[in-house]
Amino acid sequence: MKKSLILIIALLLLSIPVTQSAYAADNPETPIQVANDDGHGLGEIYQPEGAVNYSSDTGQILYQYKIDAKWYPASMSKLMTLYLTEKAIHSGKLKKDAKVKMTNEEYRLSTLPELSNTKLYPGDVYTISELMQITVSNSSNAGAMILGRETMKAEDLASAKKLEKEDKDSKKNTASKKEKQDLDSDFVDYMNKTAKKMGMEHTQFYNSNGASNNLLLEYKAKRYQTDEDNYTTSRDFAILTQHLVKQYPDILDYTKLVAPTVHNVTYYTYNHSLEGADMSLKGTDGLKTGSSDIADYNHSLSTKRDGLRINQILFGAGDYNSVGGEMQRNMIGNSLMNKSFKEYEWKKVLSKGKQKINGKTYYVTKDLYDVVRKDQDYKVVLKDGQAHIDYDREFINDSYGPPTVKVESPSTHKFNETKEKVTSKDNRPLILTASLLLLAGVILLLTWLIKRKK
């Protein structure tokens, strides 16, 4: 018994230094250490459950801490709802100025207890754009659910129109399907399908707004009756926010507002790091916060300075039920963001024109910009007629990599350039000849008409 106990203790002691050294190699400082180095005296109780800073343009990780730990996004789930709404808008299926009239159903949904909400009175009319704003600024759970339903209707209508072209009876089939349709469940299916397609491998949504599912009462999606909460990882949400900001930058028109007014009600942002907010962070114009008794305090930030946009995911700061952590979350987030801006820059790494690369002369077809660690040495890599820079770095997943630029040998470039000039010049004589012939024809016609009249 004694020997077994000694063996177990020895194994535990041996495991500790290995774990710590492996962690220290990847993460020289925890978020709390970074914040305290920045002048905040925060205790370990405020330590987040996960964090990542990354380049919005390239997906390059600039800072990470427990990036693959499972956590609960809470109201940050609404970012997926907003992404799919934006997708429907940009594909022409849904319009920002489309109007939605509130009914008793929407009113009851907006008055559910224990949820952040905006009261939506029967008869009031909101545009999709207004619903997006209250979903962002007031974290309206009802607003998010209505957006999900309207987006799903738009997607279904587009599918029905497509079917109508292919099958004359599709109208009848679609109508019968509509009677049994569950828009809330369909939209959550759509969220999960999109997450998997993006590469969010450790994410599961049970509703469109991120509230604890049991609090939705009779408004739970019919195929998602569990009381579990949406879950994800910092890496997965980095993938989502990269898609959102990169594909639909107009989302920042909503997220940057500190105190927007909708239907004569002014909503004050929960994102205290927005430029102009209580804890203003230079260049910050996004994105969303989320908190609950199970998630503690989360946020996603988006900040741009000197051409470099950095997005941040921070999960689980503080303790919702005891010490809180709303402001401490932003202290930590601001410190992490400032750290990355001090360490990295958006830089021109190759200029257009003739350049000597690895001892040989090439023609670079356009300027190449990339994220570079300041004072970092890097090498230029050539592959399949493309050039990029390489140094020790990591991206949020395999779908991302360094920016590239096309390069040619000087002789090939000269030939292509000459060919373009010749083609361009050859067109001029043809146009001139055609113009002269047309003019000659008009003169001849006028001469003939004059003679005939005489």
# chains A, B, ... in the order shown; residues from 1 in each chain; ligands from 1
call {"tool": "residues_around", "arguments": {"residues": "Gln312 of chain A", "least_positions_apart": "3", "cutoff": "8 Å", "atoms": "only C-alpha atoms", "output": "ChimeraX atom specification"}}
result
/A:51-54,238,299-302,333,337
call {"tool": "write_last_selection", "arguments": {"atoms": "N, CA and C atoms", "output": "mmCIF file, in the first residue's frame"}}
result
data_model
loop_
_atom_site.group_PDB
_atom_site.id
_atom_site.type_symbol
_atom_site.label_atom_id
_atom_site.label_comp_id
_atom_site.auth_asym_id
_atom_site.auth_seq_id
_atom_site.Cartn_x
_atom_site.Cartn_y
_atom_site.Cartn_z
ATOM 1 N N ALA A 51 -8.302 32.619 -24.276
ATOM 2 C CA ALA A 51 -8.129 33.909 -24.956
ATOM 3 C C ALA A 51 -7.280 33.734 -26.203
ATOM 4 N N VAL A 52 -7.557 34.562 -27.194
ATOM 5 C CA VAL A 52 -6.731 34.568 -28.413
ATOM 6 C C VAL A 52 -6.820 35.944 -29.068
ATOM 7 N N ASN A 53 -5.672 36.452 -29.515
ATOM 8 C CA ASN A 53 -5.595 37.607 -30.420
ATOM 9 C C ASN A 53 -5.115 37.090 -31.762
ATOM 10 N N TYR A 54 -5.714 37.564 -32.846
ATOM 11 C CA TYR A 54 -5.266 37.108 -34.165
ATOM 12 C C TYR A 54 -5.505 38.193 -35.203
ATOM 13 N N ALA A 238 -12.782 32.421 -32.848
ATOM 14 C CA ALA A 238 -11.871 33.231 -33.668
ATOM 15 C C ALA A 238 -12.166 33.000 -35.148
ATOM 16 N N HIS A 299 -15.989 38.407 -24.068
ATOM 17 C CA HIS A 299 -16.152 39.434 -25.104
ATOM 18 C C HIS A 299 -15.336 39.073 -26.341
ATOM 19 N N SER A 300 -15.708 39.725 -27.440
ATOM 20 C CA SER A 300 -14.900 39.679 -28.665
ATOM 21 C C SER A 300 -14.664 41.135 -29.070
ATOM 22 N N LEU A 301 -13.395 41.473 -29.261
ATOM 23 C CA LEU A 301 -13.031 42.825 -29.678
ATOM 24 C C LEU A 301 -12.485 42.808 -31.097
ATOM 25 N N SER A 302 -12.602 43.935 -31.774
ATOM 26 C CA SER A 302 -11.952 44.132 -33.076
ATOM 27 C C SER A 302 -11.369 45.533 -33.080
ATOM 28 N N GLY A 333 -8.606 42.447 -21.555
ATOM 29 C CA GLY A 333 -8.687 42.491 -23.018
ATOM 30 C C GLY A 333 -7.886 43.644 -23.600
ATOM 31 N N MET A 337 -4.611 43.339 -26.040
ATOM 32 C CA MET A 337 -4.631 43.980 -27.352
ATOM 33 C C MET A 337 -3.420 44.907 -27.513
#
call {"tool": "select_by_dssp", "arguments": {"residues": "segment 66-223 of chain A", "states": "alpha helix (DSSP H)", "output": "PyMOL selection string"}}
result
chain A and resi 78-90+104-110+128-137+141-166+170-179+183-198
call {"tool": "write_last_selection", "arguments": {"atoms": "C-alpha atoms", "output": "short mmCIF file (atom, residue, chain, number, x, y, z; two decimals), in the first residue's frame"}}
result
data_model
loop_
_atom_site.label_atom_id
_atom_site.label_comp_id
_atom_site.auth_asym_id
_atom_site.auth_seq_id
_atom_site.Cartn_x
_atom_site.Cartn_y
_atom_site.Cartn_z
CA LYS A 78 -25.56 36.09 -31.50
CA LEU A 79 -22.50 36.69 -33.69
CA MET A 80 -23.37 33.53 -35.64
CA THR A 81 -26.97 34.76 -35.98
CA LEU A 82 -25.68 38.11 -37.24
CA TYR A 83 -23.27 36.38 -39.63
CA LEU A 84 -26.09 34.37 -41.22
CA THR A 85 -28.32 37.47 -41.37
CA GLU A 86 -25.52 39.36 -43.13
CA LYS A 87 -25.06 36.45 -45.50
CA ALA A 88 -28.74 36.53 -46.48
CA ILE A 89 -28.57 40.33 -46.96
CA HIS A 90 -25.44 40.24 -49.12
CA ASN A 104 -48.32 39.22 -29.26
CA GLU A 105 -45.90 36.35 -29.95
CA GLU A 106 -42.90 38.69 -30.27
CA TYR A 107 -44.06 40.65 -27.22
CA ARG A 108 -44.23 37.53 -25.04
CA LEU A 109 -40.82 36.50 -26.35
CA SER A 110 -39.39 39.92 -25.45
CA ILE A 128 -34.04 44.11 -40.12
CA SER A 129 -31.36 46.77 -39.61
CA GLU A 130 -33.03 47.96 -36.37
CA LEU A 131 -33.31 44.38 -35.12
CA MET A 132 -29.60 43.90 -35.83
CA GLN A 133 -28.78 47.03 -33.81
CA ILE A 134 -30.76 46.01 -30.72
CA THR A 135 -29.29 42.50 -30.97
CA VAL A 136 -25.78 44.00 -30.91
CA SER A 137 -26.21 46.92 -28.49
CA ASN A 141 -32.58 37.74 -27.12
CA ALA A 142 -35.93 38.31 -28.80
CA GLY A 143 -34.23 40.39 -31.52
CA ALA A 144 -31.80 37.54 -32.24
CA MET A 145 -34.59 34.95 -32.44
CA ILE A 146 -36.63 37.15 -34.81
CA LEU A 147 -33.56 37.68 -37.01
CA GLY A 148 -33.08 33.92 -37.10
CA ARG A 149 -36.67 33.35 -38.17
CA GLU A 150 -36.62 36.11 -40.82
CA THR A 151 -33.30 34.84 -42.19
CA MET A 152 -34.67 31.31 -42.38
CA LYS A 153 -37.81 32.53 -44.17
CA ALA A 154 -35.62 34.35 -46.69
CA GLU A 155 -33.47 31.26 -47.25
CA ASP A 156 -36.55 29.05 -47.65
CA LEU A 157 -38.18 31.50 -50.07
CA ALA A 158 -35.03 31.58 -52.21
CA SER A 159 -34.97 27.76 -52.22
CA ALA A 160 -38.66 27.63 -53.15
CA LYS A 161 -38.15 30.01 -56.08
CA LYS A 162 -35.30 27.85 -57.29
CA LEU A 163 -37.46 24.77 -57.08
CA GLU A 164 -40.28 26.49 -58.97
CA LYS A 165 -38.00 26.86 -61.96
CA GLU A 166 -37.07 23.18 -61.82
CA SER A 170 -42.81 22.52 -56.28
CA LYS A 171 -45.13 25.35 -55.24
CA LYS A 172 -47.60 22.82 -53.91
CA ASN A 173 -44.88 20.77 -52.22
CA THR A 174 -43.33 23.85 -50.60
CA ALA A 175 -46.68 25.05 -49.28
CA SER A 176 -47.42 21.69 -47.61
CA LYS A 177 -43.93 21.71 -46.06
CA LYS A 178 -44.47 25.22 -44.64
CA GLU A 179 -47.38 24.02 -42.48
CA LEU A 183 -38.18 28.01 -38.15
CA ASP A 184 -36.31 28.13 -34.82
CA SER A 185 -35.04 24.55 -35.14
CA ASP A 186 -34.23 25.03 -38.83
CA PHE A 187 -32.17 28.11 -38.01
CA VAL A 188 -30.23 26.35 -35.23
CA ASP A 189 -29.56 23.52 -37.72
CA TYR A 190 -28.27 26.17 -40.12
CA MET A 191 -26.00 27.63 -37.41
CA ASN A 192 -24.47 24.24 -36.62
CA LYS A 193 -24.08 23.32 -40.28
CA THR A 194 -22.32 26.64 -40.96
CA ALA A 195 -20.05 26.18 -37.93
CA LYS A 196 -18.91 22.77 -39.19
CA LYS A 197 -18.38 24.13 -42.70
CA MET A 198 -16.17 26.93 -41.30
#
call {"tool": "closest_residue", "arguments": {"among": "A:Val371, A:Leu244, A:Met327, A:Leu438", "to": "Phe341 of chain A", "atoms": "only C-alpha atoms"}}
result
A:Val371
call {"tool": "select_by_dssp", "arguments": {"residues": "segment 102-349 of chain A", "states": "strand (DSSP E or B)", "output": "PyMOL selection string"}}
result
chain A and resi 125-127+204+231-232+261-262+265-266+284-292+296-305+308-317+319+324+344-349
call {"tool": "write_last_selection", "arguments": {"atoms": "C-alpha atoms", "output": "PDB file, in the first residue's frame"}}
result
ATOM      1  CA  VAL A 125     -42.644  47.802 -36.869  1.00  0.00           C
ATOM      2  CA  TYR A 126     -38.886  47.162 -36.885  1.00  0.00           C
ATOM      3  CA  THR A 127     -36.612  46.907 -39.894  1.00  0.00           C
ATOM      4  CA  GLN A 204     -22.579  23.239 -30.627  1.00  0.00           C
ATOM      5  CA  TYR A 231     -20.562  25.681 -26.147  1.00  0.00           C
ATOM      6  CA  THR A 232     -17.437  26.395 -28.177  1.00  0.00           C
ATOM      7  CA  THR A 261     -31.076  55.136 -30.503  1.00  0.00           C
ATOM      8  CA  VAL A 262     -33.714  52.796 -31.929  1.00  0.00           C
ATOM      9  CA  VAL A 265     -34.823  54.359 -26.926  1.00  0.00           C
ATOM     10  CA  THR A 266     -31.079  54.843 -26.418  1.00  0.00           C
ATOM     11  CA  THR A 284     -11.760  49.517 -31.318  1.00  0.00           C
ATOM     12  CA  ASP A 285     -15.028  49.246 -33.263  1.00  0.00           C
ATOM     13  CA  GLY A 286     -16.348  45.781 -32.396  1.00  0.00           C
ATOM     14  CA  LEU A 287     -17.731  43.327 -31.605  1.00  0.00           C
ATOM     15  CA  LYS A 288     -19.920  41.763 -28.847  1.00  0.00           C
ATOM     16  CA  THR A 289     -20.007  40.804 -25.172  1.00  0.00           C
ATOM     17  CA  GLY A 290     -21.638  37.897 -23.382  1.00  0.00           C
ATOM     18  CA  SER A 291     -22.092  36.922 -19.753  1.00  0.00           C
ATOM     19  CA  SER A 292     -24.062  34.529 -17.576  1.00  0.00           C
ATOM     20  CA  ASP A 296     -18.880  34.410 -16.420  1.00  0.00           C
ATOM     21  CA  TYR A 297     -17.665  37.366 -18.562  1.00  0.00           C
ATOM     22  CA  ASN A 298     -16.832  37.022 -22.282  1.00  0.00           C
ATOM     23  CA  HIS A 299     -16.152  39.434 -25.104  1.00  0.00           C
ATOM     24  CA  SER A 300     -14.900  39.679 -28.665  1.00  0.00           C
ATOM     25  CA  LEU A 301     -13.031  42.825 -29.678  1.00  0.00           C
ATOM     26  CA  SER A 302     -11.952  44.132 -33.076  1.00  0.00           C
ATOM     27  CA  THR A 303      -9.335  46.886 -33.184  1.00  0.00           C
ATOM     28  CA  LYS A 304      -7.530  48.523 -36.115  1.00  0.00           C
ATOM     29  CA  ARG A 305      -4.348  50.609 -35.967  1.00  0.00           C
ATOM     30  CA  LEU A 308      -3.373  46.101 -38.800  1.00  0.00           C
ATOM     31  CA  ARG A 309      -6.749  44.787 -37.587  1.00  0.00           C
ATOM     32  CA  ILE A 310      -6.611  42.451 -34.598  1.00  0.00           C
ATOM     33  CA  ASN A 311      -9.623  40.485 -33.376  1.00  0.00           C
ATOM     34  CA  GLN A 312      -9.767  39.105 -29.856  1.00  0.00           C
ATOM     35  CA  ILE A 313     -11.772  36.386 -28.138  1.00  0.00           C
ATOM     36  CA  LEU A 314     -11.758  36.319 -24.326  1.00  0.00           C
ATOM     37  CA  PHE A 315     -13.830  33.753 -22.416  1.00  0.00           C
ATOM     38  CA  GLY A 316     -14.738  33.240 -18.773  1.00  0.00           C
ATOM     39  CA  ALA A 317     -13.139  36.173 -16.952  1.00  0.00           C
ATOM     40  CA  ASP A 319     -16.814  34.968 -11.391  1.00  0.00           C
ATOM     41  CA  GLY A 324     -18.133  39.784 -10.789  1.00  0.00           C
ATOM     42  CA  TYR A 344       3.395  43.089 -34.409  1.00  0.00           C
ATOM     43  CA  GLU A 345       2.914  45.378 -37.404  1.00  0.00           C
ATOM     44  CA  TRP A 346       1.253  45.324 -40.844  1.00  0.00           C
ATOM     45  CA  LYS A 347       4.206  45.784 -43.155  1.00  0.00           C
ATOM     46  CA  LYS A 348       5.113  45.839 -46.850  1.00  0.00           C
ATOM     47  CA  VAL A 349       7.438  42.852 -47.158  1.00  0.00           C
TER      48      VAL A 349
END
call {"tool": "residues_around", "arguments": {"residues": "Gly210 of chain A", "least_positions_apart": "3", "cutoff": "7 Å", "atoms": "only C-alpha atoms", "output": "list of chain:residue names"}}
result
A:Pro73, A:Ala74, A:Ser75, A:Met76, A:Ser77, A:Lys78, A:Asn207, A:Asn230
call {"tool": "write_last_selection", "arguments": {"atoms": "C-alpha atoms", "output": "short mmCIF file (atom, residue, chain, number, x, y, z; two decimals), in the first residue's frame"}}
result
data_model
loop_
_atom_site.label_atom_id
_atom_site.label_comp_id
_atom_site.auth_asym_id
_atom_site.auth_seq_id
_atom_site.Cartn_x
_atom_site.Cartn_y
_atom_site.Cartn_z
CA PRO A 73 -20.18 31.86 -25.45
CA ALA A 74 -23.46 33.08 -23.89
CA SER A 75 -24.71 36.13 -25.86
CA MET A 76 -21.68 36.03 -28.13
CA SER A 77 -23.66 33.24 -29.86
CA LYS A 78 -25.56 36.09 -31.50
CA ASN A 207 -30.45 28.29 -29.75
CA ASN A 230 -24.26 26.56 -26.34
#
call {"tool": "residues_around", "arguments": {"residues": "segment 276-278 of chain A", "least_positions_apart": "5", "cutoff": "12 Å", "atoms": "only C-alpha atoms", "output": "JSON, numbers by chain"}}
result
{"A": [256, 257, 258, 259, 268, 269, 270, 271, 283, 284, 285, 286, 327, 330, 331]}
call {"tool": "write_last_selection", "arguments": {"atoms": "N, CA and C atoms", "output": "mmCIF file, in the first residue's frame"}}
result
data_model
loop_
_atom_site.group_PDB
_atom_site.id
_atom_site.type_symbol
_atom_site.label_atom_id
_atom_site.label_comp_id
_atom_site.auth_asym_id
_atom_site.auth_seq_id
_atom_site.Cartn_x
_atom_site.Cartn_y
_atom_site.Cartn_z
ATOM 1 N N LYS A 256 -19.802 49.366 -33.593
ATOM 2 C CA LYS A 256 -18.961 50.481 -33.137
ATOM 3 C C LYS A 256 -19.736 51.538 -32.354
ATOM 4 N N LEU A 257 -21.073 51.483 -32.397
ATOM 5 C CA LEU A 257 -21.888 52.537 -31.783
ATOM 6 C C LEU A 257 -21.944 52.378 -30.269
ATOM 7 N N VAL A 258 -21.589 53.453 -29.575
ATOM 8 C CA VAL A 258 -21.538 53.432 -28.110
ATOM 9 C C VAL A 258 -22.935 53.621 -27.508
ATOM 10 N N ALA A 259 -23.768 54.456 -28.153
ATOM 11 C CA ALA A 259 -25.104 54.731 -27.603
ATOM 12 C C ALA A 259 -26.105 54.976 -28.730
ATOM 13 N N TYR A 268 -27.069 51.778 -24.313
ATOM 14 C CA TYR A 268 -25.652 52.011 -24.020
ATOM 15 C C TYR A 268 -24.899 50.691 -24.068
ATOM 16 N N THR A 269 -23.802 50.693 -24.818
ATOM 17 C CA THR A 269 -23.071 49.463 -25.085
ATOM 18 C C THR A 269 -22.549 48.796 -23.812
ATOM 19 N N TYR A 270 -22.483 47.461 -23.847
ATOM 20 C CA TYR A 270 -21.830 46.680 -22.794
ATOM 21 C C TYR A 270 -20.342 46.491 -23.111
ATOM 22 N N ASN A 271 -19.961 46.853 -24.341
ATOM 23 C CA ASN A 271 -18.561 46.692 -24.751
ATOM 24 C C ASN A 271 -17.789 47.953 -24.353
ATOM 25 N N GLY A 283 -8.936 52.678 -31.600
ATOM 26 C CA GLY A 283 -9.147 51.886 -32.813
ATOM 27 C C GLY A 283 -10.160 50.770 -32.689
ATOM 28 N N THR A 284 -10.834 50.647 -31.537
ATOM 29 C CA THR A 284 -11.760 49.517 -31.318
ATOM 30 C C THR A 284 -13.159 49.864 -31.807
ATOM 31 N N ASP A 285 -13.693 49.011 -32.700
ATOM 32 C CA ASP A 285 -15.028 49.246 -33.263
ATOM 33 C C ASP A 285 -15.910 47.994 -33.252
ATOM 34 N N GLY A 286 -15.540 46.999 -32.489
ATOM 35 C CA GLY A 286 -16.348 45.781 -32.396
ATOM 36 C C GLY A 286 -15.912 44.960 -31.209
ATOM 37 N N MET A 327 -15.814 44.763 -15.634
ATOM 38 C CA MET A 327 -14.780 45.746 -15.968
ATOM 39 C C MET A 327 -13.399 45.093 -16.072
ATOM 40 N N ASN A 330 -12.536 43.756 -19.447
ATOM 41 C CA ASN A 330 -12.044 44.745 -20.404
ATOM 42 C C ASN A 330 -10.634 45.224 -20.085
ATOM 43 N N MET A 331 -10.294 45.263 -18.801
ATOM 44 C CA MET A 331 -8.908 45.577 -18.435
ATOM 45 C C MET A 331 -7.961 44.547 -19.054
#
call {"tool": "residues_around", "arguments": {"residues": "Pro113 of chain A", "least_positions_apart": "2", "cutoff": "9 Å", "atoms": "only C-alpha atoms", "output": "list in words"}}
result
Ser110, Thr111, Leu115, Ser116, Leu215 and Leu216 of chain A
call {"tool": "closest_residue", "arguments": {"among": "A:Ser340, A:Gln242, A:Ser411, A:Asn397", "to": "Lys374 of chain A", "atoms": "only C-alpha atoms"}}
result
A:Ser340
call {"tool": "atom_distance", "arguments": {"atom1": "atom CA of Gly353 of chain A", "atom2": "atom CA of Glu408 of chain A"}}
result
10.0 Å
call {"tool": "atom_distance", "arguments": {"atom1": "atom CA of Asn213 of chain A", "atom2": "atom CA of Pro48 of chain A"}}
result
23.4 Å
call {"tool": "atom_distance", "arguments": {"atom1": "atom CA of Gln47 of chain A", "atom2": "atom CA of Gln328 of chain A"}}
result
9.5 Å
